[in-house]
$ cat target07.cif   # mmCIF, C-alpha atoms
data_upload
#
loop_
_atom_site.label_atom_id
_atom_site.label_comp_id
_atom_site.auth_asym_id
_atom_site.auth_seq_id
_atom_site.Cartn_x
_atom_site.Cartn_y
_atom_site.Cartn_z
CA MET A 1 49.39 -18.73 21.58
CA GLY A 2 46.58 -16.17 21.97
CA LYS A 3 43.17 -17.17 23.25
CA LYS A 4 40.74 -17.99 20.46
CA ASN A 5 37.63 -15.75 20.31
CA ALA A 6 34.28 -17.36 20.97
CA ASN A 7 31.88 -17.92 18.12
CA GLY A 8 30.24 -14.65 17.05
CA GLU A 9 32.90 -12.45 18.66
CA GLY A 10 34.65 -11.81 15.36
CA SER A 11 38.29 -11.16 14.69
CA ILE A 12 40.55 -8.25 13.74
CA PHE A 13 43.85 -8.54 11.90
CA GLN A 14 46.17 -6.43 9.77
CA ARG A 15 46.89 -7.12 6.11
CA LYS A 16 50.31 -6.88 4.51
CA ASP A 17 49.38 -3.51 2.96
CA GLY A 18 48.81 -2.10 6.46
CA ARG A 19 45.00 -2.00 6.31
CA TRP A 20 43.07 -3.46 9.26
CA VAL A 21 40.30 -6.00 8.67
CA GLY A 22 37.46 -7.05 10.98
CA GLU A 23 35.27 -10.10 10.39
CA ALA A 24 32.22 -11.51 12.15
CA TYR A 25 29.07 -13.54 11.48
CA VAL A 26 25.96 -11.31 11.46
CA LEU A 27 22.26 -11.56 10.64
CA THR A 28 21.42 -10.77 7.00
CA THR A 29 18.19 -9.83 5.30
CA ASP A 30 17.47 -13.42 4.22
CA GLY A 31 17.40 -14.55 7.87
CA THR A 32 20.74 -16.40 7.84
CA PHE A 33 24.07 -15.57 9.47
CA LYS A 34 26.90 -14.78 7.09
CA ARG A 35 30.47 -13.65 7.54
CA ARG A 36 30.83 -9.90 7.01
CA THR A 37 33.99 -7.84 6.66
CA VAL A 38 34.74 -4.26 7.66
CA TYR A 39 37.89 -2.24 7.02
CA GLY A 40 39.73 0.58 8.75
CA LYS A 41 43.01 2.50 8.75
CA THR A 42 43.61 1.68 12.44
CA TRP A 43 42.73 -1.11 14.86
CA GLU A 44 40.49 1.28 16.81
CA GLU A 45 38.52 2.34 13.73
CA THR A 46 38.04 -1.27 12.64
CA HIS A 47 37.04 -2.34 16.15
CA GLU A 48 34.43 0.44 16.31
CA LYS A 49 32.90 -0.62 12.98
CA LEU A 50 32.89 -4.29 13.96
CA THR A 51 31.30 -3.54 17.33
CA LYS A 52 28.49 -1.57 15.67
CA LEU A 53 27.99 -4.35 13.13
CA LYS A 54 27.60 -6.95 15.87
CA ALA A 55 25.39 -4.68 17.98
CA ASP A 56 22.97 -4.19 15.09
CA SER A 57 22.92 -7.93 14.47
CA ASN A 58 22.32 -8.74 18.14
CA SER A 59 19.43 -6.26 18.27
CA GLY A 60 17.76 -7.98 15.31
CA VAL A 61 18.59 -5.43 12.62
CA PRO A 62 19.55 -7.37 9.47
CA ILE A 63 22.57 -6.36 7.42
CA ALA A 64 22.28 -5.91 3.67
CA THR A 65 24.50 -7.94 1.37
CA ASN A 66 26.19 -6.62 -1.75
CA LYS A 67 24.80 -9.51 -3.81
CA MET A 68 21.36 -7.96 -3.54
CA THR A 69 19.62 -6.33 -6.45
CA LEU A 70 18.76 -2.67 -6.15
CA ALA A 71 15.09 -3.58 -5.66
CA GLU A 72 15.97 -5.90 -2.75
CA TYR A 73 18.30 -3.35 -1.20
CA LEU A 74 15.77 -0.50 -1.45
CA THR A 75 13.18 -2.72 0.25
CA TYR A 76 15.67 -3.30 3.06
CA TRP A 77 16.57 0.39 3.22
CA LEU A 78 12.96 1.58 3.28
CA THR A 79 12.00 -0.87 6.03
CA ASN A 80 15.02 -0.63 8.33
CA VAL A 81 16.44 2.84 7.69
CA ALA A 82 14.03 5.32 6.09
CA ASN A 83 11.03 4.12 8.08
CA VAL A 84 12.90 4.97 11.29
CA LYS A 85 14.56 8.24 10.28
CA VAL A 86 11.95 10.19 8.28
CA ARG A 87 8.40 11.37 8.89
CA LYS A 88 5.61 9.00 7.92
CA THR A 89 4.45 11.30 5.11
CA THR A 90 7.98 11.38 3.70
CA TYR A 91 8.25 7.60 3.96
CA VAL A 92 5.01 7.17 1.99
CA ASN A 93 6.43 9.39 -0.77
CA TYR A 94 9.70 7.44 -0.77
CA GLU A 95 7.90 4.12 -1.03
CA SER A 96 5.68 5.33 -3.88
CA LEU A 97 8.60 6.67 -5.93
CA VAL A 98 10.66 3.52 -5.37
CA ARG A 99 7.76 1.24 -6.33
CA ASN A 100 6.55 3.19 -9.37
CA TYR A 101 9.83 4.47 -10.83
CA ILE A 102 13.08 3.03 -9.50
CA VAL A 103 12.17 -0.65 -9.18
CA PRO A 104 10.70 -0.95 -12.74
CA GLY A 105 13.66 0.95 -14.20
CA LEU A 106 16.69 -0.24 -12.20
CA GLY A 107 15.39 -2.84 -9.79
CA LYS A 108 17.07 -5.89 -11.39
CA LYS A 109 20.54 -4.33 -11.31
CA LYS A 110 22.97 -5.66 -8.68
CA ILE A 111 23.98 -2.82 -6.36
CA ALA A 112 27.63 -3.91 -6.58
CA ARG A 113 27.53 -3.48 -10.39
CA LEU A 114 25.49 -0.30 -10.45
CA ALA A 115 27.32 2.52 -12.24
CA ALA A 116 26.76 6.25 -12.54
CA ARG A 117 25.94 5.86 -16.24
CA ASP A 118 23.12 3.41 -15.34
CA ILE A 119 21.53 5.94 -13.02
CA ARG A 120 21.98 8.80 -15.48
CA ALA A 121 20.43 6.80 -18.32
CA PHE A 122 17.52 5.79 -16.07
CA LEU A 123 16.78 9.39 -15.06
CA VAL A 124 16.96 10.66 -18.65
CA LYS A 125 14.65 7.90 -19.86
CA THR A 126 12.21 8.46 -17.00
CA ALA A 127 12.00 12.17 -17.77
CA ARG A 128 11.00 11.36 -21.38
CA THR A 129 8.55 8.54 -20.62
CA CYS A 130 4.80 9.00 -20.22
CA GLN A 131 4.14 7.51 -16.79
CA CYS A 132 0.51 6.83 -17.59
CA CYS A 133 1.72 4.46 -20.31
CA ALA A 134 4.63 3.05 -18.27
CA GLN A 135 2.56 2.32 -15.17
CA GLY A 136 -0.57 1.26 -17.07
CA LYS A 137 -2.75 3.75 -15.21
CA ASP A 138 -5.31 4.07 -17.99
CA LYS A 139 -5.51 0.29 -18.48
CA ASN A 140 -6.40 -0.11 -14.80
CA ARG A 141 -9.43 2.14 -15.17
CA PRO A 142 -12.85 0.70 -16.03
CA GLU A 143 -13.23 0.35 -19.79
CA ARG A 144 -15.83 3.11 -20.01
CA LYS A 145 -13.38 5.55 -18.35
CA GLN A 146 -10.32 4.72 -20.47
CA ARG A 147 -9.41 7.83 -22.41
CA CYS A 148 -5.72 7.89 -23.37
CA CYS A 149 -3.05 5.16 -23.30
CA ALA A 150 -5.44 2.22 -23.26
CA VAL A 151 -7.16 3.47 -26.43
CA GLY A 152 -3.98 4.43 -28.27
CA GLN A 153 -3.88 8.13 -27.37
CA CYS A 154 -0.81 8.90 -25.26
CA CYS A 155 -1.59 11.66 -22.76
CA ARG A 156 2.11 12.63 -22.44
CA LYS A 157 2.04 12.53 -18.67
CA TYR A 158 5.76 13.11 -18.14
CA PRO A 159 7.19 13.39 -14.62
CA SER A 160 8.17 16.85 -13.45
CA ASP A 161 11.78 17.95 -13.02
CA ARG A 162 11.17 17.90 -9.27
CA THR A 163 10.13 14.24 -9.38
CA VAL A 164 13.20 13.25 -11.41
CA ARG A 165 15.49 15.10 -9.01
CA PHE A 166 13.82 13.47 -6.04
CA LEU A 167 14.50 10.04 -7.54
CA LEU A 168 18.20 10.93 -7.56
CA VAL A 169 17.95 12.15 -3.95
CA ILE A 170 16.51 8.79 -2.88
CA LEU A 171 19.20 6.82 -4.72
CA ARG A 172 21.95 8.94 -3.20
CA ALA A 173 20.58 8.49 0.32
CA ALA A 174 20.07 4.73 -0.02
CA LEU A 175 23.46 4.04 -1.61
CA GLN A 176 25.22 6.26 0.91
CA HIS A 177 23.85 4.04 3.65
CA ALA A 178 25.27 1.03 1.78
CA VAL A 179 28.67 2.77 1.81
CA ARG A 180 28.42 3.37 5.56
CA GLU A 181 27.68 -0.33 6.06
CA ASP A 182 30.69 -1.25 3.92
CA GLU A 183 28.47 -2.82 1.30
CA LEU A 184 29.81 -0.54 -1.43
CA PRO A 185 33.19 1.13 -1.85
CA ARG A 186 31.62 4.41 -3.03
CA ASN A 187 28.30 6.05 -3.76
CA VAL A 188 28.03 6.12 -7.56
CA ALA A 189 24.83 8.20 -7.42
CA ARG A 190 26.84 11.15 -6.09
CA ASN A 191 28.68 11.29 -9.41
CA VAL A 192 25.43 11.92 -11.30
CA GLU A 193 24.59 15.53 -12.08
CA LEU A 194 21.39 16.78 -13.66
CA GLY A 195 20.80 19.93 -15.67
CA MET A 196 19.15 23.00 -14.21
CA GLY A 197 15.75 21.94 -15.49
CA THR A 198 12.69 24.16 -15.24
CA LYS A 199 11.56 25.71 -12.01
CA ARG A 200 7.91 26.35 -11.28
CA GLU A 201 7.25 30.07 -11.49
CA ILE A 202 5.98 31.49 -8.22
CA GLU A 203 3.68 34.48 -8.48
CA PRO A 204 2.02 35.35 -5.15
CA LEU A 205 -1.09 37.44 -4.86
CA ALA A 206 -0.63 41.20 -5.10
CA VAL A 207 -1.76 43.46 -2.27
CA ASP A 208 -5.10 44.33 -3.90
CA GLU A 209 -5.74 40.65 -4.69
CA GLY A 210 -5.04 39.67 -1.10
CA ARG A 211 -7.36 42.40 0.13
CA ARG A 212 -10.20 41.24 -2.16
CA LEU A 213 -9.68 37.62 -1.15
CA LEU A 214 -9.87 38.32 2.60
CA THR A 215 -12.87 40.61 2.15
CA ALA A 216 -14.75 37.88 0.29
CA ALA A 217 -13.69 35.29 2.90
CA ARG A 218 -15.57 37.05 5.71
CA GLY A 219 -18.73 35.14 4.86
CA ASN A 220 -16.88 31.81 4.67
CA ARG A 221 -16.72 29.18 7.43
CA LEU A 222 -12.94 29.11 6.97
CA TRP A 223 -12.41 32.86 7.15
CA ALA A 224 -9.91 32.51 10.01
CA ALA A 225 -7.92 29.91 8.05
CA TYR A 226 -7.47 32.31 5.13
CA GLU A 227 -6.48 35.13 7.49
CA LEU A 228 -3.81 32.95 9.10
CA ALA A 229 -2.55 31.70 5.73
CA VAL A 230 -2.18 35.18 4.23
CA ARG A 231 -1.03 37.14 7.28
CA ILE A 232 1.33 34.68 9.04
CA GLY A 233 1.94 32.06 6.32
CA LEU A 234 0.75 28.87 8.02
CA ARG A 235 0.89 25.71 5.90
CA ARG A 236 -2.33 23.86 5.08
CA GLY A 237 -1.51 20.98 7.44
CA GLU A 238 -0.52 23.39 10.23
CA LEU A 239 -3.86 25.18 9.90
CA LEU A 240 -5.96 22.02 9.96
CA GLY A 241 -3.96 20.57 12.87
CA LEU A 242 -4.13 23.75 14.96
CA ARG A 243 -5.63 23.29 18.46
CA TRP A 244 -7.31 25.85 20.68
CA LYS A 245 -4.78 25.19 23.43
CA ASP A 246 -2.05 26.32 21.00
CA VAL A 247 -3.75 29.71 20.55
CA ASP A 248 -3.58 32.48 23.14
CA LEU A 249 -6.09 35.10 22.02
CA HIS A 250 -5.46 37.26 25.09
CA GLU A 251 -1.71 37.61 24.47
CA GLY A 252 -2.04 37.29 20.70
CA ILE A 253 0.33 34.31 20.26
CA LEU A 254 -0.02 31.16 18.16
CA THR A 255 2.21 28.10 18.62
CA VAL A 256 2.69 25.53 15.85
CA ARG A 257 3.13 22.08 17.40
CA GLN A 258 1.52 19.64 14.93
CA ALA A 259 -0.07 19.24 11.51
CA LEU A 260 -2.95 17.28 9.99
CA GLN A 261 -2.20 15.29 6.83
CA ARG A 262 -3.65 12.41 4.87
CA VAL A 263 -1.12 9.60 4.98
CA GLY A 264 -1.68 6.16 3.50
CA GLY A 265 -5.41 6.72 3.11
CA GLU A 266 -6.12 8.08 6.60
CA LEU A 267 -6.02 11.46 8.34
CA LEU A 268 -3.21 11.62 10.88
CA ILE A 269 -1.81 14.16 13.30
CA VAL A 270 1.92 14.41 12.52
CA ALA A 271 4.86 16.46 13.74
CA PRO A 272 5.65 19.74 11.95
CA LYS A 273 7.59 19.51 8.70
CA THR A 274 10.97 20.38 10.22
CA GLN A 275 12.36 21.13 13.65
CA ARG A 276 12.16 24.87 12.96
CA SER A 277 8.55 24.51 11.81
CA ALA A 278 7.57 24.14 15.48
CA ARG A 279 7.45 27.84 16.30
CA ARG A 280 5.65 30.71 18.06
CA VAL A 281 4.16 33.52 15.99
CA ALA A 282 2.66 36.83 17.07
CA LEU A 283 -0.95 37.14 15.91
CA PRO A 284 -2.03 40.29 14.04
CA ALA A 285 -5.22 41.90 15.38
CA GLU A 286 -7.16 40.78 12.28
CA CYS A 287 -6.26 37.15 12.98
CA VAL A 288 -7.37 37.44 16.61
CA THR A 289 -10.73 38.83 15.48
CA ALA A 290 -11.19 36.02 12.93
CA LEU A 291 -10.27 33.36 15.50
CA ARG A 292 -12.79 34.73 18.00
CA ALA A 293 -15.44 34.46 15.29
CA GLN A 294 -14.26 30.91 14.53
CA ARG A 295 -14.64 29.88 18.18
CA ALA A 296 -18.16 31.32 18.35
CA GLN A 297 -19.09 29.50 15.14
CA GLN A 298 -17.71 26.19 16.43
CA LEU A 299 -19.68 26.49 19.69
CA ALA A 300 -22.83 27.14 17.66
CA ASP A 301 -22.08 24.08 15.49
CA LYS A 302 -21.61 21.95 18.60
CA ARG A 303 -24.96 23.03 20.09
CA ALA A 304 -26.73 22.44 16.77
CA ALA A 305 -25.17 18.97 16.33
CA GLY A 306 -26.01 17.83 19.86
CA GLU A 307 -25.37 14.10 20.20
CA ASN A 308 -24.13 13.96 16.62
CA TRP A 309 -21.06 16.03 17.52
CA LYS A 310 -18.03 13.88 16.72
CA GLY A 311 -15.18 15.90 18.16
CA THR A 312 -12.03 13.81 18.43
CA GLY A 313 -10.89 15.31 21.72
CA GLN A 314 -8.01 17.06 19.99
CA GLY A 315 -9.74 20.41 20.35
CA LEU A 316 -9.04 21.39 16.75
CA VAL A 317 -9.71 24.98 15.72
CA PHE A 318 -11.03 24.08 12.27
CA THR A 319 -13.60 21.28 12.06
CA THR A 320 -16.65 20.33 10.04
CA LYS A 321 -20.19 21.06 11.29
CA ASN A 322 -20.09 17.68 13.07
CA GLY A 323 -16.73 18.30 14.75
CA THR A 324 -14.61 16.01 12.56
CA PRO A 325 -11.26 17.10 11.11
CA ILE A 326 -11.41 18.85 7.74
CA GLU A 327 -10.19 16.90 4.76
CA PRO A 328 -7.19 18.81 3.26
CA ARG A 329 -8.54 18.53 -0.27
CA ASN A 330 -11.84 20.06 0.84
CA LEU A 331 -9.93 23.13 1.99
CA ASN A 332 -8.42 23.33 -1.52
CA ARG A 333 -11.87 23.12 -3.08
CA SER A 334 -13.21 25.83 -0.78
CA PHE A 335 -10.26 28.05 -1.68
CA GLU A 336 -10.81 27.58 -5.42
CA ALA A 337 -14.44 28.63 -5.04
CA LEU A 338 -13.35 31.65 -2.98
CA CYS A 339 -10.95 32.76 -5.72
CA VAL A 340 -13.79 32.69 -8.26
CA ARG A 341 -16.13 34.58 -5.94
CA SER A 342 -13.57 37.27 -5.11
CA GLY A 343 -12.40 37.71 -8.71
CA VAL A 344 -8.84 36.71 -7.84
CA ARG A 345 -6.75 34.71 -10.33
CA ARG A 346 -6.58 31.01 -9.50
CA VAL A 347 -3.51 30.01 -7.49
CA ARG A 348 -2.67 27.13 -5.17
CA PHE A 349 -3.58 27.37 -1.50
CA HIS A 350 0.14 27.08 -0.71
CA ASP A 351 0.68 30.28 -2.72
CA LEU A 352 -0.94 32.16 0.17
CA ARG A 353 2.20 31.27 2.11
CA HIS A 354 4.29 32.73 -0.72
CA THR A 355 2.05 35.81 -0.57
CA CYS A 356 2.74 36.28 3.14
CA ALA A 357 6.51 36.04 2.64
CA SER A 358 6.55 38.42 -0.31
CA LEU A 359 4.34 41.00 1.42
CA LEU A 360 6.57 40.93 4.50
CA HIS A 361 9.62 41.36 2.27
CA GLU A 362 8.10 44.27 0.37
CA GLN A 363 7.13 46.01 3.61
CA GLY A 364 10.74 45.97 4.80
CA ALA A 365 10.89 42.84 6.99
CA ASP A 366 14.37 41.32 7.04
CA ALA A 367 15.03 37.76 5.91
CA ARG A 368 15.69 36.51 9.45
CA MET A 369 12.27 37.63 10.65
CA ILE A 370 10.54 36.10 7.63
CA MET A 371 12.40 32.83 8.25
CA GLU A 372 11.19 32.75 11.87
CA VAL A 373 7.58 33.52 10.91
CA LEU A 374 7.43 30.83 8.21
CA GLY A 375 9.50 28.27 10.12
CA HIS A 376 12.15 27.70 7.45
CA SER A 377 15.26 25.69 8.22
CA SER A 378 17.56 28.34 6.71
CA ILE A 379 17.54 31.87 5.34
CA ARG A 380 18.57 30.50 1.95
CA VAL A 381 15.21 28.76 1.61
CA THR A 382 13.47 32.02 2.46
CA MET A 383 15.41 34.09 -0.05
CA ASP A 384 15.49 31.54 -2.90
CA ILE A 385 11.86 30.50 -2.86
CA TYR A 386 9.57 32.87 -1.05
CA THR A 387 10.76 36.43 -1.51
CA PHE A 388 9.32 36.98 -4.94
CA VAL A 389 10.19 40.41 -6.37
CA ARG A 390 7.23 41.74 -8.33
CA LEU A 391 7.50 43.69 -11.57
CA ASP A 392 5.90 46.75 -9.99
CA ALA A 393 8.52 46.67 -7.21
CA GLN A 394 11.23 46.46 -9.89
CA ARG A 395 9.75 49.47 -11.71
CA SER A 396 9.61 51.42 -8.48
CA ALA A 397 13.28 50.67 -7.81
CA PHE A 398 14.23 51.66 -11.39
CA ASP A 399 12.28 54.92 -11.00
CA ARG A 400 14.24 55.77 -7.86
CA VAL A 401 17.50 55.05 -9.68
CA GLY A 402 16.31 57.21 -12.58
CA ASP A 403 15.44 60.06 -10.20
CA ALA A 404 18.88 59.83 -8.62
CA LEU A 405 20.62 59.90 -12.01
CA SER A 406 18.49 62.80 -13.21
CA ALA A 407 19.23 64.78 -10.08
CA ASP A 408 22.95 64.11 -10.52
CA SER A 409 22.76 65.22 -14.16
CA ASN A 410 20.98 68.44 -13.19
CA ARG A 411 23.68 69.28 -10.68
CA ARG A 412 26.36 68.84 -13.35
CA ASP A 413 24.42 71.07 -15.75
CA ASP A 414 24.34 73.80 -13.10
CA GLY A 415 28.14 73.94 -13.17
CA GLU A 416 28.96 71.61 -10.29
CA ASP A 417 32.56 70.37 -10.11
CA ASP A 418 32.90 67.16 -12.12
CA GLY A 419 35.89 66.02 -10.16
CA ASP A 420 38.60 67.28 -12.51
CA GLY A 421 38.87 70.68 -10.87
CA GLN A 422 37.08 72.54 -13.72
CA ALA A 423 33.38 72.95 -13.08
CA GLY A 424 31.15 72.72 -16.14
CA LEU A 425 34.01 72.17 -18.62
CA PRO A 426 34.26 69.06 -20.82
CA VAL A 427 36.96 66.62 -19.93
CA ALA A 428 39.50 65.78 -22.60
CA VAL A 429 39.70 62.13 -23.55
#
$ encode --input "target07.cif" --output "structure tokens"
Amino acid sequence: MGKKNANGEGSIFQRKDGRWVGEAYVLTTDGTFKRRTVYGKTWEETHEKLTKLKADSNSGVPIATNKMTLAEYLTYWLTNVANVKVRKTTYVNYESLVRNYIVPGLGKKKIARLAARDIRAFLVKTARTCQCCAQGKDKNRPERKQRCCAVGQCCRKYPSDRTVRFLLVILRAALQHAVREDELPRNVARNVELGMGTKREIEPLAVDEGRRLLTAARGNRLWAAYELAVRIGLRRGELLGLRWKDVDLHEGILTVRQALQRVGGELLIVAPKTQRSARRVALPAECVTALRAQRAQQLADKRAAGENWKGTGQGLVFTTKNGTPIEPRNLNRSFEALCVRSGVRRVRFHDLRHTCASLLHEQGADARMIMEVLGHSSIRVTMDIYTFVRLDAQRSAFDRVGDALSADSNRRDDGEDDGDGQAGLPVAV
């Protein structure tokens, strides 16, 4: 008779249908120990799953149970999975979408009984529901400021296609983790498909608009920020998190190592958006000139502030007059005022990044180089989103095609051989 395993060691056996089963008592999200089961095609596969299950339990990581509601499971997933794997800014977005959309719409549903049709119906309904009404945003305002839902005037604040798609992304990721933990047999969210939807039209600044913008920016405290945004496509957070030690003005090289973002109500230094976002970029001469002016301005601000200088020790390139980090929204406001002053149509600050990519593309830069400059994770992102083909570029291309066709027609008219061996003669049909 084989030796009996000690308590907590678990057991592995084979069923009559040939499938292997592993069982052990593990810590669950309610703080109790419950018997959990894993399955595998071989003893080795089952043993590996059971070992991981016990290791997670022994390290204090609770295991979800399939009797949980979707709201309970998403709370578990956000705390123990997403919070560890994703950036803090991404986690804050996840938590907000789960709390404001998924939990009110699907939260009471048991994850074991969740079906693809439930998710599809939820997404369709969400896309057609005014979120100001659904979340009671207007009712939470002071009575004197209530202007729409609370006074019977729906403002039709529908979520964007991007928001609806992101809800599906979150559900797929969370339920896929449940599948990996053997909580669910399959990920029903992967069976849900959405229509193409509408895509936000991207229209970067034209060359003359970019020139006017940078000319007007010369008198602005953030002149160097606009130069870097237009010429090398830095993101807003990358600009505001840039440090002097990451800039080599002698060699003309800038290194992106961090970003400044507002997360959960406070300004934080965070890692770049993706692994490829941490990059080195050659600085154009105009950017070097603007950065030298920025350093001189900052030294003057520091002398003028004296004891009131509140530099954080980060050595940021762009700061307020007192040395504090610049609020991202204040950069947006400054940019909007600059657009008005320069006579340039109003676009988002992020569209300066689109402008950089499109200008590089139009001047003959290949997709690989543009990807490296902008720090994209793949060339597909570069080509699909950022290389906007302008109408004037299309017309220029059509003109060249027209010139080629006209030249070919003229050669035929002059009696050139048409390919049938009889120059200038009509071909019988």
$ resolve_selection --input "target07.cif" --expression "the PyMOL selection byres ((chain A and resi 259-272) around 8)" --output "PyMOL selection string"
chain A and resi 87-89+92+237-242+256-258+273-275+277-278+327-328
$ resolve_selection --input "target07.cif" --expression "the PyMOL selection byres ((chain A and resi 99) around 12)" --output "JSON, numbers by chain"
{"A": [70, 71, 72, 74, 75, 78, 92, 93, 94, 95, 96, 97, 98, 100, 101, 102, 103, 104, 105, 106, 107, 135, 167]}
$ resolve_selection --input "target07.cif" --expression "the PyMOL selection byres ((chain A and resi 287-297) around 8)" --output "number ranges by chain"
A: 221-224, 227-228, 231, 249, 252, 283-286, 298-301, 317-318
$ closest_residue --input "target07.cif" --among "A:Met383, A:Val169, A:Cys339, A:Ala304" --to "Glu193 (chain A)" --atoms "only C-alpha atoms"
A:Val169
$ atom_distance --input "target07.cif" --atom1 "CA of Gly315 (chain A)" --atom2 "CA of Ile253 (chain A)"
17.2 Å
$ atom_distance --input "target07.cif" --atom1 "CA of Arg235 (chain A)" --atom2 "CA of Ala357 (chain A)"
12.2 Å
$ atom_distance --input "target07.cif" --atom1 "CA of Gln131 (chain A)" --atom2 "CA of Leu175 (chain A)"
24.8 Å
$ closest_residue --input "target07.cif" --among "A:Val21, A:Thr69, A:Thr319, A:Thr90" --to "Ala225 (chain A)" --atoms "only C-alpha atoms"
A:Thr319
$ residues_around --input "target07.cif" --residues "region 176-182 of chain A" --least-positions-apart "2" --cutoff "8 Å" --atoms "only C-alpha atoms" --output "ChimeraX atom specification"
/A:37-39,64,172-174,184-187
$ build_atoms --input "target07.cif" --residues "region 237-248 of chain A" --atoms "N, CA and C atoms" --output "short mmCIF file (atom, residue, chain, number, x, y, z; two decimals), keeping the file's coordinate frame"
data_model
loop_
_atom_site.label_atom_id
_atom_site.label_comp_id
_atom_site.auth_asym_id
_atom_site.auth_seq_id
_atom_site.Cartn_x
_atom_site.Cartn_y
_atom_site.Cartn_z
N GLY A 237 -1.47 21.97 6.37
CA GLY A 237 -1.51 20.98 7.44
C GLY A 237 -1.43 21.62 8.81
N GLU A 238 -0.64 22.70 8.94
CA GLU A 238 -0.52 23.39 10.23
C GLU A 238 -1.84 24.04 10.62
N LEU A 239 -2.55 24.58 9.64
CA LEU A 239 -3.86 25.18 9.90
C LEU A 239 -4.86 24.13 10.38
N LEU A 240 -4.96 23.04 9.65
CA LEU A 240 -5.96 22.02 9.96
C LEU A 240 -5.63 21.24 11.22
N GLY A 241 -4.35 21.25 11.63
CA GLY A 241 -3.96 20.57 12.87
C GLY A 241 -3.87 21.49 14.06
N LEU A 242 -4.22 22.77 13.88
CA LEU A 242 -4.13 23.75 14.96
C LEU A 242 -5.18 23.46 16.05
N ARG A 243 -4.74 23.53 17.32
CA ARG A 243 -5.63 23.29 18.46
C ARG A 243 -5.86 24.59 19.22
N TRP A 244 -7.00 24.65 19.91
CA TRP A 244 -7.31 25.85 20.68
C TRP A 244 -6.29 26.07 21.79
N LYS A 245 -5.75 25.01 22.34
CA LYS A 245 -4.78 25.19 23.43
C LYS A 245 -3.44 25.73 22.91
N ASP A 246 -3.26 25.74 21.59
CA ASP A 246 -2.05 26.32 21.00
C ASP A 246 -2.25 27.77 20.59
N VAL A 247 -3.43 28.33 20.91
CA VAL A 247 -3.75 29.71 20.55
C VAL A 247 -4.05 30.51 21.81
N ASP A 248 -3.33 31.58 22.01
CA ASP A 248 -3.58 32.48 23.14
C ASP A 248 -4.12 33.79 22.57
#
